[in-house]
Every structure is written in C-alpha cells, then in structure tokens.
file target-v7.csv (CSV, C-alpha atoms)
chain,number,residue,atom,x,y,z
A,1,MET,CA,17.6,-5.3,3.0
A,2,GLY,CA,18.3,-4.2,6.5
A,3,SER,CA,16.2,-1.5,8.2
A,4,LYS,CA,19.3,0.8,8.4
A,5,ASN,CA,19.8,0.5,4.7
A,6,LYS,CA,16.1,1.3,4.0
A,7,LEU,CA,16.3,4.4,6.3
A,8,LYS,CA,19.4,5.5,4.5
A,9,ARG,CA,17.7,5.2,1.1
A,10,PHE,CA,14.6,7.0,2.3
A,11,LYS,CA,16.8,9.8,3.5
A,12,GLU,CA,18.7,9.9,0.2
A,13,ASN,CA,15.5,9.9,-1.8
A,14,GLU,CA,14.6,13.2,0.0
A,15,THR,CA,17.6,14.8,-1.5
A,16,PHE,CA,16.8,13.8,-5.1
A,17,GLU,CA,15.0,16.4,-7.2
A,18,ASN,CA,13.5,13.6,-9.3
A,19,VAL,CA,11.7,11.8,-6.4
A,20,PHE,CA,8.3,12.8,-5.0
A,21,GLN,CA,7.0,11.1,-1.8
A,22,PRO,CA,3.7,12.7,-0.9
A,23,THR,CA,1.7,11.5,2.0
A,24,ARG,CA,-1.5,9.6,1.2
A,25,GLU,CA,-3.5,12.4,2.8
A,26,GLU,CA,-1.8,14.9,0.5
A,27,VAL,CA,-2.6,12.8,-2.5
A,28,VAL,CA,-6.3,11.9,-1.8
A,29,SER,CA,-7.0,15.5,-0.8
A,30,GLY,CA,-6.2,16.6,-4.4
A,31,ASN,CA,-3.2,18.7,-3.3
A,32,PHE,CA,-0.5,16.9,-5.2
A,33,PRO,CA,1.1,20.0,-7.0
A,34,LEU,CA,2.2,18.3,-10.2
A,35,ARG,CA,-1.1,16.8,-11.2
A,36,GLY,CA,-1.9,18.2,-14.6
A,37,LYS,CA,1.4,20.1,-14.6
A,38,TRP,CA,4.1,17.5,-15.1
A,39,SER,CA,5.0,18.9,-18.5
A,40,SER,CA,5.1,22.6,-17.5
A,41,ASP,CA,6.4,22.5,-13.9
A,42,PHE,CA,8.7,19.5,-13.8
A,43,PHE,CA,9.9,18.4,-17.2
A,44,LYS,CA,9.4,21.9,-18.7
A,45,ASN,CA,8.7,20.5,-22.2
A,46,ASN,CA,5.8,19.0,-24.1
A,47,ASN,CA,7.3,15.6,-24.7
A,48,PRO,CA,5.1,12.5,-24.3
A,49,ILE,CA,4.7,11.3,-20.7
A,50,ILE,CA,5.1,7.5,-20.1
A,51,ILE,CA,4.6,6.0,-16.7
A,52,GLU,CA,5.7,2.6,-15.3
A,53,LEU,CA,3.4,1.1,-12.6
A,54,GLY,CA,5.1,-1.0,-9.9
A,55,CYS,CA,8.5,0.1,-11.2
A,56,GLY,CA,10.5,-1.8,-8.5
A,57,LYS,CA,14.2,-0.8,-8.8
A,58,GLY,CA,13.4,1.6,-11.6
A,59,GLU,CA,15.5,-0.3,-14.2
A,60,TYR,CA,12.8,-0.1,-16.9
A,61,SER,CA,12.0,3.6,-16.3
A,62,VAL,CA,15.7,4.5,-16.5
A,63,GLY,CA,16.3,2.1,-19.4
A,64,LEU,CA,13.4,3.6,-21.4
A,65,ALA,CA,14.5,7.1,-20.6
A,66,GLU,CA,18.0,6.3,-21.9
A,67,ARG,CA,16.6,4.9,-25.2
A,68,PHE,CA,14.1,7.7,-25.7
A,69,PRO,CA,15.6,11.1,-24.6
A,70,ASP,CA,12.7,12.9,-26.4
A,71,LYS,CA,10.1,11.3,-24.0
A,72,ASN,CA,9.5,11.7,-20.3
A,73,PHE,CA,9.2,8.8,-17.9
A,74,ILE,CA,7.8,8.4,-14.4
A,75,GLY,CA,8.1,5.3,-12.2
A,76,ILE,CA,5.4,4.7,-9.6
A,77,ASP,CA,5.9,2.4,-6.7
A,78,ILE,CA,4.9,2.3,-3.0
A,79,LYS,CA,8.4,1.1,-2.0
A,80,GLY,CA,10.8,4.0,-2.1
A,81,ALA,CA,13.8,2.0,-1.0
A,82,ARG,CA,13.4,0.0,-4.2
A,83,PHE,CA,13.3,2.8,-6.7
A,84,TRP,CA,16.1,4.6,-4.9
A,85,ARG,CA,18.5,2.7,-7.2
A,86,GLY,CA,16.8,4.0,-10.4
A,87,ALA,CA,16.5,7.5,-9.0
A,88,LYS,CA,20.2,7.6,-8.0
A,89,THR,CA,21.3,6.3,-11.4
A,90,ALA,CA,19.3,9.0,-13.1
A,91,VAL,CA,20.8,11.7,-10.9
A,92,GLU,CA,24.3,10.4,-11.4
A,93,ASN,CA,23.9,10.2,-15.2
A,94,GLY,CA,22.3,13.7,-15.4
A,95,MET,CA,19.1,12.4,-16.8
A,96,HIS,CA,16.3,15.0,-16.7
A,97,ASN,CA,13.6,13.0,-18.4
A,98,VAL,CA,12.9,10.5,-15.6
A,99,ALA,CA,11.2,10.9,-12.2
A,100,PHE,CA,9.8,8.6,-9.5
A,101,VAL,CA,6.7,8.9,-7.3
A,102,ARG,CA,6.1,6.9,-4.1
A,103,THR,CA,2.4,6.2,-3.9
A,104,GLN,CA,-0.1,3.4,-4.4
A,105,ILE,CA,-1.1,2.6,-7.9
A,106,GLU,CA,-4.8,2.9,-7.2
A,107,LEU,CA,-4.2,6.6,-6.5
A,108,ILE,CA,-2.6,7.5,-9.8
A,109,ASN,CA,-5.7,9.5,-10.9
A,110,PHE,CA,-4.7,11.9,-8.1
A,111,ILE,CA,-1.1,12.1,-9.4
A,112,PHE,CA,-2.0,12.6,-13.1
A,113,ALA,CA,-4.9,14.6,-14.6
A,114,GLU,CA,-7.2,13.3,-17.3
A,115,ASN,CA,-5.5,12.8,-20.7
A,116,GLU,CA,-2.1,13.6,-19.2
A,117,VAL,CA,-0.3,10.3,-19.9
A,118,ASP,CA,0.6,9.0,-23.3
A,119,GLU,CA,1.6,5.4,-22.4
A,120,ILE,CA,1.7,3.0,-19.5
A,121,TRP,CA,4.1,0.2,-18.8
A,122,ILE,CA,3.3,-2.6,-16.3
A,123,THR,CA,6.4,-4.7,-15.7
A,124,PHE,CA,6.3,-8.0,-13.9
A,125,PRO,CA,3.4,-7.3,-11.6
A,126,ASP,CA,2.3,-9.8,-8.9
A,127,PRO,CA,-0.2,-12.0,-10.8
A,128,GLN,CA,-2.4,-12.4,-7.8
A,129,ILE,CA,-3.4,-15.9,-8.9
A,130,LYS,CA,-5.9,-16.7,-6.1
A,131,TYR,CA,-9.5,-15.8,-7.1
A,132,LYS,CA,-10.1,-13.7,-4.0
A,133,ARG,CA,-7.1,-11.5,-5.1
A,134,THR,CA,-8.7,-10.7,-8.5
A,135,LYS,CA,-9.3,-7.1,-7.4
A,136,HIS,CA,-5.6,-6.6,-7.0
A,137,ARG,CA,-4.6,-7.8,-10.5
A,138,MET,CA,-3.2,-4.7,-12.3
A,139,THR,CA,-5.0,-5.5,-15.5
A,140,ASN,CA,-8.5,-6.1,-14.1
A,141,SER,CA,-11.5,-4.1,-15.4
A,142,GLU,CA,-11.4,-1.6,-12.6
A,143,PHE,CA,-7.7,-0.8,-13.1
A,144,LEU,CA,-8.1,-0.6,-16.9
A,145,GLN,CA,-10.8,2.1,-16.4
A,146,LEU,CA,-8.5,3.9,-14.0
A,147,TYR,CA,-5.8,3.9,-16.6
A,148,LYS,CA,-8.2,5.1,-19.3
A,149,LYS,CA,-8.9,8.2,-17.3
A,150,ILE,CA,-5.3,9.4,-17.3
A,151,LEU,CA,-4.4,8.2,-20.7
A,152,LYS,CA,-4.7,10.5,-23.8
A,153,PRO,CA,-7.1,9.2,-26.5
A,154,GLY,CA,-5.3,6.5,-28.3
A,155,GLY,CA,-2.9,6.0,-25.4
A,156,VAL,CA,-1.4,2.5,-25.1
A,157,VAL,CA,-0.7,0.1,-22.2
A,158,ASN,CA,2.2,-2.4,-22.2
A,159,LEU,CA,2.2,-5.5,-20.0
A,160,LYS,CA,5.5,-7.5,-19.7
A,161,THR,CA,5.4,-10.5,-17.3
A,162,ASP,CA,6.9,-13.9,-16.6
A,163,SER,CA,3.5,-15.2,-15.5
A,164,GLU,CA,1.6,-17.3,-18.1
A,165,PHE,CA,-1.4,-16.9,-15.9
A,166,MET,CA,-1.3,-13.1,-15.9
A,167,HIS,CA,-0.7,-13.1,-19.7
A,168,GLY,CA,-3.6,-15.4,-20.4
A,169,TYR,CA,-5.9,-13.7,-17.9
A,170,THR,CA,-5.2,-10.3,-19.4
A,171,LEU,CA,-5.6,-11.5,-23.0
A,172,GLY,CA,-8.9,-13.1,-22.2
A,173,LEU,CA,-10.2,-10.0,-20.5
A,174,LEU,CA,-9.1,-7.7,-23.3
A,175,HIS,CA,-10.8,-9.8,-25.9
A,176,GLY,CA,-13.9,-10.3,-23.8
A,177,GLU,CA,-14.3,-6.6,-23.2
A,178,GLY,CA,-13.5,-5.6,-26.8
A,179,HIS,CA,-10.3,-3.7,-26.1
A,180,ASP,CA,-7.8,-3.4,-29.0
A,181,VAL,CA,-4.9,-5.8,-28.7
A,182,LEU,CA,-2.1,-4.4,-30.8
A,183,TYR,CA,0.5,-7.1,-30.2
A,184,ALA,CA,0.8,-10.2,-28.1
A,185,ASN,CA,3.8,-12.6,-27.7
A,186,HIS,CA,4.0,-15.6,-25.5
A,187,ASN,CA,7.8,-15.7,-25.5
A,188,VAL,CA,9.5,-12.5,-26.5
A,189,TYR,CA,13.1,-14.0,-26.5
A,190,LYS,CA,12.1,-17.0,-28.6
A,191,ASN,CA,9.5,-15.6,-31.1
A,192,GLU,CA,10.5,-12.9,-33.5
A,193,GLY,CA,8.8,-9.5,-33.7
A,194,ALA,CA,9.1,-8.2,-30.2
A,195,PRO,CA,9.8,-4.4,-30.0
A,196,ALA,CA,13.4,-3.5,-29.3
A,197,GLU,CA,12.6,-1.9,-26.0
A,198,VAL,CA,10.9,-5.1,-24.8
A,199,ILE,CA,13.9,-7.3,-25.3
A,200,GLY,CA,16.6,-4.6,-25.0
A,201,ILE,CA,15.8,-3.7,-21.3
A,202,GLN,CA,15.9,-6.4,-18.6
A,203,THR,CA,15.1,-6.0,-15.0
A,204,PHE,CA,17.1,-7.7,-12.2
A,205,TYR,CA,14.5,-10.3,-11.7
A,206,GLU,CA,14.0,-10.8,-15.5
A,207,LYS,CA,17.6,-11.8,-15.9
A,208,GLN,CA,17.1,-14.4,-13.2
A,209,TYR,CA,14.0,-15.8,-15.0
A,210,LEU,CA,15.9,-16.0,-18.2
A,211,GLU,CA,18.7,-18.0,-16.5
A,212,ILE,CA,16.2,-20.7,-15.7
A,213,ASN,CA,14.6,-20.5,-19.2
A,214,LYS,CA,11.3,-19.0,-18.0
A,215,ALA,CA,9.3,-17.4,-20.8
A,216,ILE,CA,8.8,-13.7,-20.8
A,217,THR,CA,5.5,-12.6,-22.3
A,218,TYR,CA,4.3,-9.2,-23.6
A,219,ILE,CA,1.0,-7.5,-24.6
A,220,ARG,CA,0.5,-4.1,-26.1
A,221,PHE,CA,-3.1,-2.8,-26.1
A,222,LYS,CA,-5.5,0.1,-26.2
A,223,ILE,CA,-8.4,0.5,-23.8
A,224,LYS,CA,-11.7,1.1,-25.5

call {"tool": "encode", "arguments": {"input": "target-v7.csv", "output": "structure tokens"}}
result
Amino acid sequence: MGSKNKLKRFKENETFENVFQPTREEVVSGNFPLRGKWSSDFFKNNNPIIIELGCGKGEYSVGLAERFPDKNFIGIDIKGARFWRGAKTAVENGMHNVAFVRTQIELINFIFAENEVDEIWITFPDPQIKYKRTKHRMTNSEFLQLYKKILKPGGVVNLKTDSEFMHGYTLGLLHGEGHDVLYANHNVYKNEGAPAEVIGIQTFYEKQYLEINKAITYIRFKIK
C-alpha cells in the first residue's frame, strides 16, 4: 500500500464515528474517555462486549457483528490503515454494534476497565516462533493475565490461527497453567464440531491459506 493511500485512509478514519485513535500518551495517562463506559457512552446498551485483538482489516469484527446484532464488537489494531476497511464497511452498512481502536494490544487495560469485556478473539496472530520473541506471543502468560483483568468472571478467549506452532504452544501453556480448555480443534474445516462463527467467517489471508490446504486451528478457553 502506497503512502498516499495510507494517508488517505488515516484521514478518512478521522471522519468515522466508530473509530478511535488516541495517542499513546492519552492512553497511558488514563485519559481514554470510554474506559469503563463503552456500554453507556458509545453503544448505549448493555449488550455483551467482545473484542478482537490484532483485527487487521476488521473482517472478523464486522463478520461477528453481522451475525450477532445483539452483541457489541471492538477491533483493536495498531495499524489504522488496515482496519479502515472494516470501519468503512460498518459505516456503509449502518452497523452500530462495531467499533475500532488504534492502539497497542499491551495497552488494552487502559482502553477497557476491569470486568468490562465478555469475550476476546485473537485471529491469526504472528506466532513469534523464535524463543527470544516469546514475550510477544499473544497467548503467553503475561498476556493471559492482562486479558483476565478486563474479562468478566467466566469470560472466554478464542484463538484462531494457521500456525501449528502457535496452536501447540498455547494448548501446552493452557494445560500447564491449569486454565480451562473448552474446545480445541487442529483443523476446523476438516474435523466436525467447530462453532459456526469459526468456519463461517473467513479473513482475506485465511482464504489464501485454504487455497493451499493449510490447516486452520481453533481453541476456546477460560483463564483461571
């Protein structure tokens, strides 16, 4: 994507009521205005709040919002030029149950208050295979405890990935730390039993993976 295209998308994001692009300083200072107030001040209802971390183009956030109009969805990504597509689609389709925030995932406890989120989706994260990159894996112990802070008691996390490494690493960690694995599938399009929203929504890159017969894995779990 050219720099002109990116600038155009950044500018257009500023016109969308469903996009929030706070500065890092605003976030870490605790001044993000919607923290703890997403239901009352933005969605204006008490429906469950589901967030997608590393939402990319926003296909999953929008796809889930279409399937579940009685739930609220928020995509989080540091690259606003990517989720521009999802935000624009939501605006064009008059969808009021989906929003996007441009920020770093490690700062989500400044975006959401304790027990504010019902469910988390992590879709096709970078597996960070090298050992020295362990701290950046989005299902490591530190991230799980961060998620636990913002999740309501009993809240669930969904991991969908094309990486066998990420799938195996996460399953091993979950079992090792005693977390509650609710469902695990090594190939959602081959094995029966995957939830409809797992196989019914496909991202741009997921479709490419499927064209080369790459297995898509899925884990649903609760953090103890």

call {"tool": "residues_around", "arguments": {"input": "target-v7.csv", "residues": "segment 128-130 of chain A", "least_positions_apart": "3", "cutoff": "8 Å", "atoms": "all atoms listed in the file", "output": "PDB file with C-alpha atoms, in the coordinates of the input"}}
result
ATOM      1  CA  ARG A 133      -7.100 -11.500  -5.100  1.00  0.00           C
ATOM      2  CA  THR A 134      -8.700 -10.700  -8.500  1.00  0.00           C
ATOM      3  CA  HIS A 136      -5.600  -6.600  -7.000  1.00  0.00           C
ATOM      4  CA  ARG A 137      -4.600  -7.800 -10.500  1.00  0.00           C
ATOM      5  CA  PHE A 165      -1.400 -16.900 -15.900  1.00  0.00           C
ATOM      6  CA  MET A 166      -1.300 -13.100 -15.900  1.00  0.00           C
TER       7      MET A 166
END

call {"tool": "closest_residue", "arguments": {"input": "target-v7.csv", "among": "A:Ile105, A:Glu114, A:Asn185, A:Ile201", "to": "Ala65 of chain A", "atoms": "only C-alpha atoms"}}
result
A:Ile201

call {"tool": "residues_around", "arguments": {"input": "target-v7.csv", "residues": "Lys149 of chain A", "least_positions_apart": "2", "cutoff": "9 Å", "atoms": "all atoms listed in the file", "output": "list in words"}}
result
Asn109, Ala113, Glu114, Asn115, Glu116, Leu144, Gln145, Leu146, Tyr147, Leu151 and Lys152 of chain A

call {"tool": "atom_distance", "arguments": {"input": "target-v7.csv", "atom1": "atom CA of Trp121 of chain A", "atom2": "atom CA of Lys160 of chain A"}}
result
7.9 Å

call {"tool": "residues_around", "arguments": {"input": "target-v7.csv", "residues": "Arg9 of chain A", "least_positions_apart": "5", "cutoff": "12 Å", "atoms": "only C-alpha atoms", "output": "PyMOL selection string"}}
result
chain A and resi 1-4+14-16+19+79-88

call {"tool": "closest_residue", "arguments": {"input": "target-v7.csv", "among": "A:Ile223, A:Ile212, A:Gly200, A:Glu25", "to": "Lys148 of chain A", "atoms": "all atoms listed in the file"}}
result
A:Ile223

call {"tool": "closest_residue", "arguments": {"input": "target-v7.csv", "among": "A:Leu34, A:Val62, A:Val28, A:Leu171", "to": "Thr203 of chain A", "atoms": "all atoms listed in the file"}}
result
A:Val62

call {"tool": "build_atoms", "arguments": {"input": "target-v7.csv", "residues": "segment 36-47 of chain A", "atoms": "all heavy atoms", "output": "mmCIF file, keeping the file's coordinate frame"}}
result
data_model
loop_
_atom_site.group_PDB
_atom_site.id
_atom_site.type_symbol
_atom_site.label_atom_id
_atom_site.label_comp_id
_atom_site.auth_asym_id
_atom_site.auth_seq_id
_atom_site.Cartn_x
_atom_site.Cartn_y
_atom_site.Cartn_z
ATOM 1 N N GLY A 36 -1.499 17.331 -13.493
ATOM 2 C CA GLY A 36 -1.900 18.200 -14.600
ATOM 3 C C GLY A 36 -0.769 19.150 -15.027
ATOM 4 O O GLY A 36 -0.927 19.903 -15.991
ATOM 5 N N LYS A 37 0.356 19.123 -14.303
ATOM 6 C CA LYS A 37 1.400 20.100 -14.600
ATOM 7 C C LYS A 37 2.797 19.464 -14.709
ATOM 8 O O LYS A 37 3.823 20.134 -14.577
ATOM 9 C CB LYS A 37 1.456 21.128 -13.416
ATOM 10 C CG LYS A 37 0.164 21.927 -13.252
ATOM 11 C CD LYS A 37 0.257 22.884 -12.074
ATOM 12 C CE LYS A 37 -1.039 23.676 -11.915
ATOM 13 N NZ LYS A 37 -0.990 24.589 -10.749
ATOM 14 N N TRP A 38 2.817 18.162 -14.965
ATOM 15 C CA TRP A 38 4.100 17.500 -15.100
ATOM 16 C C TRP A 38 4.943 18.108 -16.224
ATOM 17 O O TRP A 38 6.140 18.337 -16.069
ATOM 18 C CB TRP A 38 3.902 15.994 -15.352
ATOM 19 C CG TRP A 38 3.628 15.211 -14.114
ATOM 20 C CD1 TRP A 38 2.397 14.809 -13.646
ATOM 21 C CD2 TRP A 38 4.589 14.738 -13.165
ATOM 22 N NE1 TRP A 38 2.544 14.113 -12.469
ATOM 23 C CE2 TRP A 38 3.876 14.050 -12.153
ATOM 24 C CE3 TRP A 38 5.967 14.826 -13.072
ATOM 25 C CZ2 TRP A 38 4.514 13.458 -11.060
ATOM 26 C CZ3 TRP A 38 6.605 14.236 -11.989
ATOM 27 C CH2 TRP A 38 5.883 13.560 -10.996
ATOM 28 N N SER A 39 4.298 18.385 -17.347
ATOM 29 C CA SER A 39 5.000 18.900 -18.500
ATOM 30 C C SER A 39 5.555 20.331 -18.226
ATOM 31 O O SER A 39 6.721 20.639 -18.472
ATOM 32 C CB SER A 39 4.146 18.935 -19.744
ATOM 33 O OG SER A 39 3.853 17.617 -20.149
ATOM 34 N N SER A 40 4.687 21.172 -17.684
ATOM 35 C CA SER A 40 5.100 22.600 -17.500
ATOM 36 C C SER A 40 5.951 22.823 -16.295
ATOM 37 O O SER A 40 6.901 23.610 -16.365
ATOM 38 C CB SER A 40 3.790 23.434 -17.370
ATOM 39 O OG SER A 40 3.030 23.039 -16.232
ATOM 40 N N ASP A 41 5.681 22.136 -15.178
ATOM 41 C CA ASP A 41 6.400 22.500 -13.900
ATOM 42 C C ASP A 41 7.562 21.583 -13.585
ATOM 43 O O ASP A 41 8.444 22.011 -12.843
ATOM 44 C CB ASP A 41 5.381 22.443 -12.763
ATOM 45 C CG ASP A 41 4.364 23.577 -12.834
ATOM 46 O OD1 ASP A 41 4.333 24.279 -13.867
ATOM 47 O OD2 ASP A 41 3.591 23.750 -11.869
ATOM 48 N N PHE A 42 7.592 20.356 -14.100
ATOM 49 C CA PHE A 42 8.700 19.500 -13.800
ATOM 50 C C PHE A 42 9.628 19.267 -14.997
ATOM 51 O O PHE A 42 10.800 19.644 -14.990
ATOM 52 C CB PHE A 42 8.291 18.144 -13.204
ATOM 53 C CG PHE A 42 9.467 17.256 -12.881
ATOM 54 C CD1 PHE A 42 10.249 17.511 -11.761
ATOM 55 C CD2 PHE A 42 9.823 16.200 -13.708
ATOM 56 C CE1 PHE A 42 11.371 16.728 -11.472
ATOM 57 C CE2 PHE A 42 10.937 15.411 -13.429
ATOM 58 C CZ PHE A 42 11.716 15.676 -12.304
ATOM 59 N N PHE A 43 9.074 18.660 -16.051
ATOM 60 C CA PHE A 43 9.900 18.400 -17.200
ATOM 61 C C PHE A 43 10.206 19.611 -18.047
ATOM 62 O O PHE A 43 11.205 19.677 -18.748
ATOM 63 C CB PHE A 43 9.243 17.294 -18.086
ATOM 64 C CG PHE A 43 9.171 15.943 -17.427
ATOM 65 C CD1 PHE A 43 7.945 15.390 -17.079
ATOM 66 C CD2 PHE A 43 10.322 15.230 -17.144
ATOM 67 C CE1 PHE A 43 7.872 14.141 -16.467
ATOM 68 C CE2 PHE A 43 10.267 13.976 -16.534
ATOM 69 C CZ PHE A 43 9.035 13.437 -16.194
ATOM 70 N N LYS A 44 9.284 20.595 -17.963
ATOM 71 C CA LYS A 44 9.400 21.900 -18.700
ATOM 72 C C LYS A 44 9.588 21.650 -20.200
ATOM 73 O O LYS A 44 10.419 22.283 -20.873
ATOM 74 C CB LYS A 44 10.618 22.659 -18.120
ATOM 75 C CG LYS A 44 10.438 23.023 -16.640
ATOM 76 C CD LYS A 44 11.536 23.902 -16.143
ATOM 77 C CE LYS A 44 11.429 24.302 -14.676
ATOM 78 N NZ LYS A 44 10.266 23.992 -13.915
ATOM 79 N N ASN A 45 8.785 20.736 -20.715
ATOM 80 C CA ASN A 45 8.700 20.500 -22.200
ATOM 81 C C ASN A 45 7.359 19.846 -22.453
ATOM 82 O O ASN A 45 6.610 19.511 -21.527
ATOM 83 C CB ASN A 45 9.869 19.671 -22.682
ATOM 84 C CG ASN A 45 9.938 18.288 -22.037
ATOM 85 O OD1 ASN A 45 8.946 17.562 -21.962
ATOM 86 N ND2 ASN A 45 11.126 17.910 -21.564
ATOM 87 N N ASN A 46 7.047 19.666 -23.707
ATOM 88 C CA ASN A 46 5.800 19.000 -24.100
ATOM 89 C C ASN A 46 5.971 17.646 -24.653
ATOM 90 O O ASN A 46 5.146 17.160 -25.430
ATOM 91 C CB ASN A 46 5.057 19.934 -25.125
ATOM 92 C CG ASN A 46 4.550 21.223 -24.494
ATOM 93 O OD1 ASN A 46 3.974 21.200 -23.412
ATOM 94 N ND2 ASN A 46 4.793 22.346 -25.158
ATOM 95 N N ASN A 47 7.059 16.996 -24.276
ATOM 96 C CA ASN A 47 7.300 15.600 -24.700
ATOM 97 C C ASN A 47 6.308 14.664 -24.136
ATOM 98 O O ASN A 47 5.736 14.921 -23.069
ATOM 99 C CB ASN A 47 8.733 15.210 -24.371
ATOM 100 C CG ASN A 47 9.795 16.008 -25.109
ATOM 101 O OD1 ASN A 47 9.507 16.621 -26.138
ATOM 102 N ND2 ASN A 47 11.012 16.024 -24.594
#
